[in-house]
$ cat structure17.cif   # mmCIF, C-alpha atoms
data_input
loop_
_atom_site.label_atom_id
_atom_site.label_comp_id
_atom_site.auth_asym_id
_atom_site.auth_seq_id
_atom_site.Cartn_x
_atom_site.Cartn_y
_atom_site.Cartn_z
CA MET F 430 0.33 -15.68 10.52
CA ASN F 431 -2.94 -15.76 12.44
CA GLU F 432 -6.43 -15.34 11.00
CA MET F 433 -6.60 -11.62 11.85
CA GLU F 434 -3.34 -10.87 10.01
CA ILE F 435 -4.50 -12.82 6.97
CA ARG F 436 -7.71 -10.76 6.78
CA MET F 437 -5.84 -7.46 7.12
CA SER F 438 -3.34 -8.51 4.43
CA ALA F 439 -6.18 -9.39 2.06
CA LYS F 440 -7.81 -6.00 2.67
CA ARG F 441 -4.55 -4.21 1.92
CA ARG F 442 -4.19 -6.13 -1.35
CA ALA F 443 -7.76 -5.32 -2.29
CA GLY F 444 -7.18 -1.64 -1.62
CA CYS F 445 -4.33 -1.54 -4.15
CA GLY F 446 -6.58 -2.36 -7.15
CA PHE F 447 -8.82 -0.20 -9.39
CA THR F 448 -12.55 -0.07 -9.18
CA LEU F 449 -14.64 -0.46 -12.33
CA ILE F 450 -15.52 3.24 -12.30
CA GLU F 451 -11.85 4.21 -12.07
CA LEU F 452 -11.01 1.99 -15.03
CA LEU F 453 -13.83 3.50 -17.08
CA VAL F 454 -12.60 7.00 -16.24
CA VAL F 455 -9.06 6.13 -17.40
CA ILE F 456 -10.38 4.61 -20.62
CA ALA F 457 -12.49 7.71 -21.27
CA ILE F 458 -9.47 9.99 -20.74
CA ILE F 459 -7.38 7.91 -23.16
CA ALA F 460 -10.18 8.07 -25.77
CA ILE F 461 -10.41 11.85 -25.42
CA LEU F 462 -6.63 12.25 -25.78
CA ALA F 463 -6.65 9.99 -28.84
CA ALA F 464 -9.47 12.04 -30.41
CA LEU F 465 -7.42 15.18 -29.85
CA LEU F 466 -4.14 13.75 -31.11
CA LEU F 467 -5.26 11.84 -34.20
CA PRO F 468 -6.19 14.96 -36.25
CA VAL F 469 -2.85 16.50 -35.26
CA LEU F 470 -1.01 13.39 -36.41
CA ALA F 471 -2.99 13.35 -39.66
CA ARG F 472 -2.13 16.98 -40.34
CA SER F 473 1.51 16.27 -39.56
CA LYS F 474 1.49 13.42 -42.08
CA GLN F 475 -0.12 15.64 -44.71
CA GLU F 476 2.43 18.37 -44.10
CA ALA F 477 5.27 15.86 -44.37
CA GLN F 478 3.88 14.59 -47.68
CA LYS F 479 3.63 18.14 -49.02
CA THR F 480 7.22 18.83 -47.97
CA GLN F 481 8.38 15.65 -49.71
CA CYS F 482 6.43 16.60 -52.83
CA MET F 483 8.12 19.99 -52.92
CA ASN F 484 11.50 18.32 -52.43
CA ASN F 485 10.77 15.95 -55.35
CA LEU F 486 9.97 18.93 -57.56
CA LYS F 487 13.12 20.70 -56.40
CA GLN F 488 15.21 17.68 -57.41
CA LEU F 489 13.49 17.38 -60.79
CA GLN F 490 13.96 21.09 -61.41
CA LEU F 491 17.67 20.80 -60.64
CA CYS F 492 17.88 17.95 -63.17
CA TYR F 493 16.07 20.16 -65.67
CA ILE F 494 18.52 23.03 -65.14
CA MET F 495 21.56 20.77 -65.37
CA TYR F 496 20.29 19.35 -68.64
CA PHE F 497 20.02 22.67 -70.45
CA GLY F 498 23.30 23.69 -68.86
CA ASP F 499 24.93 20.70 -70.55
CA TYR F 500 23.23 21.30 -73.92
CA ASN F 501 23.97 24.98 -74.56
CA GLY F 502 20.63 26.15 -73.23
CA ARG F 503 18.45 23.68 -75.14
CA LEU F 504 15.54 22.54 -73.01
CA VAL F 505 14.96 18.85 -72.42
CA PRO F 506 12.61 17.43 -75.08
CA ASN F 507 8.98 17.34 -73.98
CA ASP F 508 7.11 15.96 -76.97
CA ALA F 509 3.80 14.37 -76.14
CA THR F 510 1.29 12.45 -78.18
CA SER F 511 -2.35 12.64 -77.14
CA THR F 512 -1.94 9.87 -74.57
CA ALA F 513 1.80 9.44 -73.95
CA GLU F 514 5.16 11.12 -73.99
CA ASP F 515 7.13 9.91 -77.02
CA GLY F 516 10.43 8.04 -76.96
CA ASP F 517 12.56 11.18 -77.29
CA SER F 518 11.59 13.08 -74.15
CA TRP F 519 12.33 13.69 -70.48
CA MET F 520 10.27 10.57 -69.73
CA MET F 521 8.21 8.22 -71.87
CA GLY F 522 4.85 6.58 -71.75
CA ASN F 523 1.62 7.26 -69.87
CA ALA F 524 1.31 7.81 -66.12
CA ARG F 525 -2.03 6.00 -66.04
CA THR F 526 -0.76 2.79 -67.55
CA MET F 527 2.97 2.38 -66.84
CA VAL F 528 3.68 -0.26 -64.22
CA THR F 529 7.50 -0.26 -64.27
CA THR F 530 10.05 2.55 -64.02
CA SER F 531 11.53 1.70 -67.43
CA ASN F 532 9.90 4.74 -69.07
CA ILE F 533 11.46 6.96 -66.42
CA VAL F 534 14.90 5.34 -66.43
CA HIS F 535 15.20 5.77 -70.20
CA GLY F 536 14.19 9.44 -70.08
CA TYR F 537 16.69 12.27 -70.53
CA LEU F 538 16.55 13.56 -66.95
CA TYR F 539 17.12 10.28 -65.11
CA PRO F 540 20.95 10.35 -65.47
CA TYR F 541 21.03 13.54 -63.41
CA ASN F 542 19.29 11.90 -60.45
CA LYS F 543 18.94 8.13 -60.54
CA SER F 544 16.04 7.92 -58.15
CA ALA F 545 12.70 6.99 -59.67
CA GLY F 546 11.07 7.90 -56.37
CA ILE F 547 11.31 11.64 -57.06
CA TYR F 548 8.85 11.25 -59.95
CA VAL F 549 5.88 10.46 -57.71
CA CYS F 550 4.31 12.35 -54.80
CA PRO F 551 3.97 10.32 -51.56
CA ALA F 552 0.39 11.58 -51.20
CA GLU F 553 -0.66 9.94 -54.48
CA THR F 554 -3.20 7.16 -53.95
CA ALA F 555 -4.41 6.58 -57.53
CA LEU F 556 -3.72 3.25 -59.20
CA THR F 557 -2.89 2.52 -62.81
CA ASP F 558 -5.97 2.14 -65.00
CA ILE F 559 -6.77 -1.37 -66.23
CA ASN F 560 -9.75 0.00 -68.19
CA TYR F 561 -7.92 2.83 -69.96
CA THR F 562 -8.84 2.91 -73.67
CA ALA F 563 -9.24 6.66 -74.33
CA ASN F 564 -8.06 7.84 -77.73
CA GLY F 565 -6.72 4.39 -78.59
CA GLY F 566 -4.72 4.03 -75.37
CA THR F 567 -3.65 0.64 -74.01
CA PRO F 568 -4.91 -0.35 -70.54
CA ALA F 569 -2.48 -1.05 -67.71
CA PRO F 570 -1.80 -4.78 -67.28
CA GLN F 571 -2.56 -4.48 -63.58
CA ALA F 572 -3.77 -1.94 -61.05
CA VAL F 573 -0.72 -0.83 -59.06
CA PRO F 574 0.34 2.47 -57.43
CA ARG F 575 1.19 5.20 -59.94
CA LEU F 576 4.86 5.88 -60.72
CA LEU F 577 4.48 9.41 -62.12
CA THR F 578 2.58 12.40 -60.78
CA TYR F 579 4.52 15.29 -62.32
CA SER F 580 4.46 16.83 -65.79
CA ILE F 581 6.15 19.74 -67.58
CA ASP F 582 4.53 22.85 -69.04
CA TYR F 583 3.40 21.69 -72.48
CA ASN F 584 5.28 24.36 -74.45
CA LEU F 585 8.67 23.92 -72.81
CA GLY F 586 10.79 21.73 -75.07
CA SER F 587 7.83 20.92 -77.32
CA THR F 588 7.98 20.84 -81.11
CA ASN F 589 4.23 20.43 -81.57
CA PRO F 590 3.38 22.57 -84.64
CA ASN F 591 -0.14 23.25 -83.36
CA TYR F 592 1.30 25.46 -80.62
CA ALA F 593 4.39 26.70 -82.47
CA GLN F 594 3.89 30.32 -81.45
CA TYR F 595 4.37 29.36 -77.81
CA ASN F 596 6.94 26.58 -78.12
CA ILE F 597 10.15 27.35 -76.23
CA ALA F 598 13.33 25.51 -77.19
CA PHE F 599 16.06 27.42 -75.32
CA ASP F 600 16.47 28.84 -71.83
CA ARG F 601 17.35 32.30 -73.18
CA GLN F 602 13.83 32.61 -74.61
CA ILE F 603 12.44 32.94 -71.09
CA ASN F 604 13.27 36.50 -70.10
CA LYS F 605 10.19 38.69 -70.34
CA ASN F 606 6.58 37.89 -69.40
CA PRO F 607 6.78 35.72 -67.41
CA SER F 608 10.34 36.00 -66.09
CA PRO F 609 12.38 32.90 -65.09
CA ALA F 610 11.24 33.34 -61.48
CA GLN F 611 7.60 33.40 -62.64
CA HIS F 612 7.65 30.77 -65.40
CA SER F 613 6.42 27.38 -64.21
CA VAL F 614 8.07 24.13 -65.31
CA PHE F 615 6.96 21.03 -63.38
CA TRP F 616 3.42 20.67 -62.07
CA HIS F 617 1.96 18.10 -59.73
CA GLU F 618 -0.93 17.10 -61.96
CA ASP F 619 -4.32 15.82 -60.83
CA ALA F 620 -4.55 12.01 -61.04
CA ARG F 621 -7.75 12.38 -63.10
CA SER F 622 -5.95 14.56 -65.63
CA ILE F 623 -2.43 13.22 -66.03
CA ASP F 624 -1.55 10.93 -68.91
CA ASN F 625 1.58 11.97 -70.82
CA GLY F 626 4.36 14.01 -69.22
CA SER F 627 3.11 17.38 -70.51
CA PHE F 628 0.93 19.79 -68.54
CA GLY F 629 -1.37 21.77 -70.82
CA ILE F 630 -2.27 25.33 -69.84
CA TRP F 631 -4.35 27.43 -72.22
CA PRO F 632 -2.92 30.95 -72.55
CA TYR F 633 -4.65 33.92 -70.99
CA GLY F 634 -7.90 34.77 -72.74
CA ASN F 635 -9.19 31.19 -72.57
CA GLU F 636 -11.38 30.73 -69.50
CA GLU F 637 -10.82 27.01 -69.42
CA TRP F 638 -8.49 24.53 -67.76
CA TRP F 639 -6.72 22.17 -70.17
CA ASN F 640 -5.02 19.88 -67.69
CA LEU F 641 -5.65 20.20 -63.97
CA PRO F 642 -3.20 20.71 -61.13
CA THR F 643 -3.61 18.49 -58.12
CA SER F 644 -5.46 19.47 -54.97
CA VAL F 645 -4.37 16.58 -52.73
CA HIS F 646 -2.32 18.80 -50.44
CA ASP F 647 -5.05 20.43 -48.36
CA ARG F 648 -6.89 21.66 -51.47
CA GLY F 649 -3.68 22.81 -53.08
CA GLY F 650 -0.73 21.71 -55.19
CA CYS F 651 2.97 22.24 -55.80
CA MET F 652 4.93 23.37 -58.83
CA SER F 653 8.50 24.36 -59.76
CA PHE F 654 9.78 27.43 -61.56
CA PHE F 655 12.47 28.05 -64.14
CA ASP F 656 14.87 29.74 -61.72
CA GLY F 657 14.85 26.63 -59.50
CA HIS F 658 12.46 27.50 -56.69
CA VAL F 659 9.31 25.56 -55.77
CA GLU F 660 5.96 26.84 -54.50
CA TYR F 661 2.77 25.52 -52.92
CA TRP F 662 -0.52 27.10 -53.94
CA LYS F 663 -3.79 26.56 -52.10
CA TRP F 664 -6.69 26.87 -54.51
CA LYS F 665 -9.30 29.51 -53.78
CA GLY F 666 -12.11 28.21 -56.02
CA GLN F 667 -13.92 24.92 -56.66
CA ALA F 668 -13.34 24.39 -60.38
CA VAL F 669 -10.12 22.42 -59.94
CA LEU F 670 -11.73 20.28 -57.24
CA ASP F 671 -15.20 19.37 -58.51
CA ILE F 672 -15.15 17.22 -61.63
CA SER F 673 -18.09 14.95 -62.33
CA VAL F 674 -16.63 13.28 -65.43
CA PRO F 675 -15.63 9.63 -64.75
CA MET F 676 -11.94 8.95 -65.27
CA SER F 677 -12.72 6.38 -67.96
CA ASP F 678 -14.45 9.01 -70.13
CA TYR F 679 -11.53 11.29 -70.89
CA TYR F 680 -7.82 11.47 -71.52
CA THR F 681 -7.59 15.18 -70.78
CA VAL F 682 -9.79 17.12 -68.42
CA GLU F 683 -11.19 20.38 -69.69
CA VAL F 684 -13.22 22.45 -67.27
CA GLU F 685 -15.11 25.40 -68.69
CA LEU F 686 -15.17 28.47 -66.46
CA THR F 687 -17.73 30.42 -68.46
CA GLY F 688 -21.19 30.68 -66.94
CA SER F 689 -21.82 29.98 -63.26
CA THR F 690 -18.33 30.38 -61.81
CA THR F 691 -16.90 32.50 -59.05
CA SER F 692 -14.16 35.08 -59.13
CA ALA F 693 -12.10 32.65 -57.03
CA ASP F 694 -12.26 30.06 -59.84
CA LYS F 695 -10.97 32.60 -62.32
CA THR F 696 -8.29 33.75 -59.91
CA ASP F 697 -6.88 30.21 -59.78
CA LEU F 698 -6.89 29.88 -63.55
CA PHE F 699 -5.45 33.33 -64.28
CA ARG F 700 -2.72 32.80 -61.71
CA THR F 701 -1.77 29.58 -63.48
CA GLN F 702 -1.90 31.19 -66.93
CA ALA F 703 0.44 33.92 -65.69
CA THR F 704 3.19 31.28 -65.38
CA ILE F 705 3.41 30.54 -69.12
CA GLU F 706 3.96 32.44 -72.36
CA PRO F 707 2.58 34.95 -73.22
CA GLY F 708 1.73 35.67 -69.58
CA ILE F 709 -0.90 38.14 -68.45
CA PRO F 710 -1.09 41.44 -70.37
CA GLN F 711 0.66 44.19 -68.45
#
$ encode --input "structure17.cif" --output "structure tokens"
Amino acid sequence: MNEMEIRMSAKRRAGCGFTLIELLVVIAIIAILAALLLPVLARSKQEAQKTQCMNNLKQLQLCYIMYFGDYNGRLVPNDATSTAEDGDSWMMGNARTMVTTSNIVHGYLYPYNKSAGIYVCPAETALTDINYTANGGTPAPQAVPRLLTYSIDYNLGSTNPNYAQYNIAFDRQINKNPSPAQHSVFWHEDARSIDNGSFGIWPYGNEEWWNLPTSVHDRGGCMSFFDGHVEYWKWKGQAVLDISVPMSDYYTVEVELTGSTTSADKTDLFRTQATIEPGIPQ
């Protein structure tokens, strides 16, 4: 190969490369595509977590139905102390402090589906509380991911004498207002609110949240109903979202709706109250 051929070959090789400007243009295009795709991927992940949460509730609700089917209509026990579910219930212990699945495995619903994973939403990021001392509670021995995010309507299966007029022991008691298709059972409870396995809802006429539903799923939460179906509700107001009380200062969250609230806040509360006895006056 003579000198002229060598020069021409070198020029051809040089022409096959990218200039600095071309590389910068490619990088800019990739960055723009990434900026467009990342929110889509994040929304897809959130939607997948919501779907899994609803599936968890569906499985728990099926366990719930099979239990009262096996026990002549008697609902699974749901007796809670102020900070924990007692040892004769659908689960035991306190969601904020339990670090093993023992309290789930020894509950009455576990034999119907031996998967502890259905007791916790995949979107849950809260850890167990190593500083928990509310109402005489015992702190968690270590901060680890929570194992329980769901709780049952306080009056279903409860024998608490303080709420005796609303306590429901048998499936046949749920037939009026609300109907089985309208009566809630399991709720995905807010991590700042959950402790025992019972979800407190004050009956209609009280403009106050007792326990709070979650809002981790795009400002909404999931719940199951007595007939077996599951729903997702997106909250319209702010009351269930904006809580200034530090987690260490309470064992139940009570949010007053009297005063400066919006109709949307009351809509969320009244919709929730309509899912328990005595329902909303017709």
$ residues_around --input "structure17.cif" --residues "stretch 525-536 of chain F" --least-positions-apart "4" --cutoff "10 Å" --atoms "all atoms listed in the file" --output "PyMOL selection string"
chain F and resi 505-506+512-521+540+542-546+548+555-561+566-578+620-625+680
$ resolve_selection --input "structure17.cif" --expression "the PyMOL selection byres ((chain F and resi 616) around 6)" --output "PyMOL selection string"
chain F and resi 579-580+615+617-618+652
$ atom_distance --input "structure17.cif" --atom1 "atom CA of F:Gln490" --atom2 "atom CA of F:Glu706"
18.7 Å
$ atom_distance --input "structure17.cif" --atom1 "atom CA of F:Leu504" --atom2 "atom CA of F:Tyr583"
12.2 Å
$ residues_around --input "structure17.cif" --residues "F:His658" --least-positions-apart "2" --cutoff "12 Å" --atoms "all atoms listed in the file" --output "MDAnalysis selection string"
chainID F and resid 483:491 494 609:615 651:656 660:661
$ resolve_selection --input "structure17.cif" --expression "the PyMOL selection byres ((chain F and resi 696-702) around 9)" --output "JSON, numbers by chain"
{"F": [613, 630, 631, 632, 633, 634, 636, 637, 638, 664, 665, 666, 668, 669, 686, 691, 692, 693, 694, 695, 703, 704, 705, 706, 707, 708, 709]}
$ atom_distance --input "structure17.cif" --atom1 "atom CA of F:Glu476" --atom2 "atom CA of F:Ile547"
17.1 Å
$ closest_residue --input "structure17.cif" --among "F:Ile603, F:Val549, F:Ala593, F:Ala524" --to "F:Gly502" --atoms "all atoms listed in the file"
F:Ile603
$ closest_residue --input "structure17.cif" --among "F:Gln667, F:Asp619, F:Leu465, F:Ile459" --to "F:Ala552" --atoms "only C-alpha atoms"
F:Asp619
$ resolve_selection --input "structure17.cif" --expression "the PyMOL selection byres ((chain F and resi 598) around 8)" --output "PDB file with C-alpha atoms, in the coordinates of the input"
ATOM      1  CA  ARG F 503      18.450  23.680 -75.140  1.00  0.00           C
ATOM      2  CA  LEU F 504      15.540  22.540 -73.010  1.00  0.00           C
ATOM      3  CA  LEU F 585       8.670  23.920 -72.810  1.00  0.00           C
ATOM      4  CA  GLY F 586      10.790  21.730 -75.070  1.00  0.00           C
ATOM      5  CA  SER F 587       7.830  20.920 -77.320  1.00  0.00           C
ATOM      6  CA  ASN F 596       6.940  26.580 -78.120  1.00  0.00           C
ATOM      7  CA  ILE F 597      10.150  27.350 -76.230  1.00  0.00           C
ATOM      8  CA  PHE F 599      16.060  27.420 -75.320  1.00  0.00           C
ATOM      9  CA  ASP F 600      16.470  28.840 -71.830  1.00  0.00           C
ATOM     10  CA  GLN F 602      13.830  32.610 -74.610  1.00  0.00           C
TER      11      GLN F 602
END
$ residues_around --input "structure17.cif" --residues "F:Pro551" --least-positions-apart "3" --cutoff "9 Å" --atoms "only C-alpha atoms" --output "VMD selection string"
chain F and resid 478 to 479 481 to 482 546 554
$ residues_around --input "structure17.cif" --residues "F:His646" --least-positions-apart "2" --cutoff "7 Å" --atoms "all atoms listed in the file" --output "list of chain:residue names"
F:Gln475, F:Lys479, F:Ser644, F:Arg648, F:Gly649, F:Gly650
$ decode --input "structure17.cif" --residues "stretch 556-619 of chain F" --atoms "C-alpha atoms" --output "PDB file, in the first residue's frame"
ATOM      1  CA  LEU F 556     -40.860   0.773  59.717  1.00  0.00           C
ATOM      2  CA  THR F 557     -41.658  -0.653  63.121  1.00  0.00           C
ATOM      3  CA  ASP F 558     -41.394   1.911  65.904  1.00  0.00           C
ATOM      4  CA  ILE F 559     -38.459   1.537  68.294  1.00  0.00           C
ATOM      5  CA  ASN F 560     -39.734   4.523  70.317  1.00  0.00           C
ATOM      6  CA  TYR F 561     -43.333   3.360  70.707  1.00  0.00           C
ATOM      7  CA  THR F 562     -44.515   3.811  74.313  1.00  0.00           C
ATOM      8  CA  ALA F 563     -48.061   5.162  73.849  1.00  0.00           C
ATOM      9  CA  ASN F 564     -50.596   3.959  76.400  1.00  0.00           C
ATOM     10  CA  GLY F 565     -48.060   1.619  77.979  1.00  0.00           C
ATOM     11  CA  GLY F 566     -47.044   0.003  74.686  1.00  0.00           C
ATOM     12  CA  THR F 567     -43.727  -1.806  74.252  1.00  0.00           C
ATOM     13  CA  PRO F 568     -41.321  -0.462  71.595  1.00  0.00           C
ATOM     14  CA  ALA F 569     -40.227  -2.635  68.686  1.00  0.00           C
ATOM     15  CA  PRO F 570     -36.837  -4.277  69.293  1.00  0.00           C
ATOM     16  CA  GLN F 571     -35.636  -3.026  65.925  1.00  0.00           C
ATOM     17  CA  ALA F 572     -36.791  -0.857  63.041  1.00  0.00           C
ATOM     18  CA  VAL F 573     -37.778  -3.207  60.222  1.00  0.00           C
ATOM     19  CA  PRO F 574     -40.434  -3.096  57.463  1.00  0.00           C
ATOM     20  CA  ARG F 575     -43.993  -3.450  58.778  1.00  0.00           C
ATOM     21  CA  LEU F 576     -45.700  -6.848  58.532  1.00  0.00           C
ATOM     22  CA  LEU F 577     -49.314  -5.660  58.819  1.00  0.00           C
ATOM     23  CA  THR F 578     -51.136  -2.852  57.044  1.00  0.00           C
ATOM     24  CA  TYR F 579     -54.745  -4.078  57.175  1.00  0.00           C
ATOM     25  CA  SER F 580     -57.352  -4.002  59.936  1.00  0.00           C
ATOM     26  CA  ILE F 581     -61.004  -5.016  60.345  1.00  0.00           C
ATOM     27  CA  ASP F 582     -63.983  -2.774  61.079  1.00  0.00           C
ATOM     28  CA  TYR F 583     -63.894  -2.443  64.866  1.00  0.00           C
ATOM     29  CA  ASN F 584     -67.425  -3.720  65.480  1.00  0.00           C
ATOM     30  CA  LEU F 585     -67.212  -6.876  63.382  1.00  0.00           C
ATOM     31  CA  GLY F 586     -66.488  -9.778  65.718  1.00  0.00           C
ATOM     32  CA  SER F 587     -65.878  -7.459  68.671  1.00  0.00           C
ATOM     33  CA  THR F 588     -67.174  -8.076  72.190  1.00  0.00           C
ATOM     34  CA  ASN F 589     -66.132  -4.671  73.519  1.00  0.00           C
ATOM     35  CA  PRO F 590     -68.968  -3.636  75.888  1.00  0.00           C
ATOM     36  CA  ASN F 591     -68.354   0.063  75.219  1.00  0.00           C
ATOM     37  CA  TYR F 592     -69.718  -0.361  71.698  1.00  0.00           C
ATOM     38  CA  ALA F 593     -72.184  -3.178  72.383  1.00  0.00           C
ATOM     39  CA  GLN F 594     -75.005  -1.564  70.425  1.00  0.00           C
ATOM     40  CA  TYR F 595     -72.955  -1.853  67.239  1.00  0.00           C
ATOM     41  CA  ASN F 596     -71.113  -5.122  67.852  1.00  0.00           C
ATOM     42  CA  ILE F 597     -71.859  -7.737  65.198  1.00  0.00           C
ATOM     43  CA  ALA F 598     -71.229 -11.392  65.991  1.00  0.00           C
ATOM     44  CA  PHE F 599     -72.918 -13.237  63.097  1.00  0.00           C
ATOM     45  CA  ASP F 600     -73.074 -12.810  59.334  1.00  0.00           C
ATOM     46  CA  ARG F 601     -76.887 -12.836  59.345  1.00  0.00           C
ATOM     47  CA  GLN F 602     -76.894  -9.567  61.306  1.00  0.00           C
ATOM     48  CA  ILE F 603     -75.644  -7.731  58.217  1.00  0.00           C
ATOM     49  CA  ASN F 604     -78.711  -7.409  56.037  1.00  0.00           C
ATOM     50  CA  LYS F 605     -80.103  -3.886  56.222  1.00  0.00           C
ATOM     51  CA  ASN F 606     -78.241  -0.563  56.343  1.00  0.00           C
ATOM     52  CA  PRO F 607     -75.611  -1.118  55.122  1.00  0.00           C
ATOM     53  CA  SER F 608     -76.195  -4.266  53.071  1.00  0.00           C
ATOM     54  CA  PRO F 609     -73.480  -6.967  52.676  1.00  0.00           C
ATOM     55  CA  ALA F 610     -72.356  -5.318  49.427  1.00  0.00           C
ATOM     56  CA  GLN F 611     -72.003  -1.976  51.244  1.00  0.00           C
ATOM     57  CA  HIS F 612     -70.601  -3.096  54.610  1.00  0.00           C
ATOM     58  CA  SER F 613     -66.826  -2.731  54.806  1.00  0.00           C
ATOM     59  CA  VAL F 614     -64.623  -5.346  56.489  1.00  0.00           C
ATOM     60  CA  PHE F 615     -60.879  -4.921  55.881  1.00  0.00           C
ATOM     61  CA  TRP F 616     -59.297  -1.491  55.517  1.00  0.00           C
ATOM     62  CA  HIS F 617     -55.811  -0.545  54.435  1.00  0.00           C
ATOM     63  CA  GLU F 618     -55.046   1.665  57.420  1.00  0.00           C
ATOM     64  CA  ASP F 619     -52.727   4.671  57.476  1.00  0.00           C
TER      65      ASP F 619
END
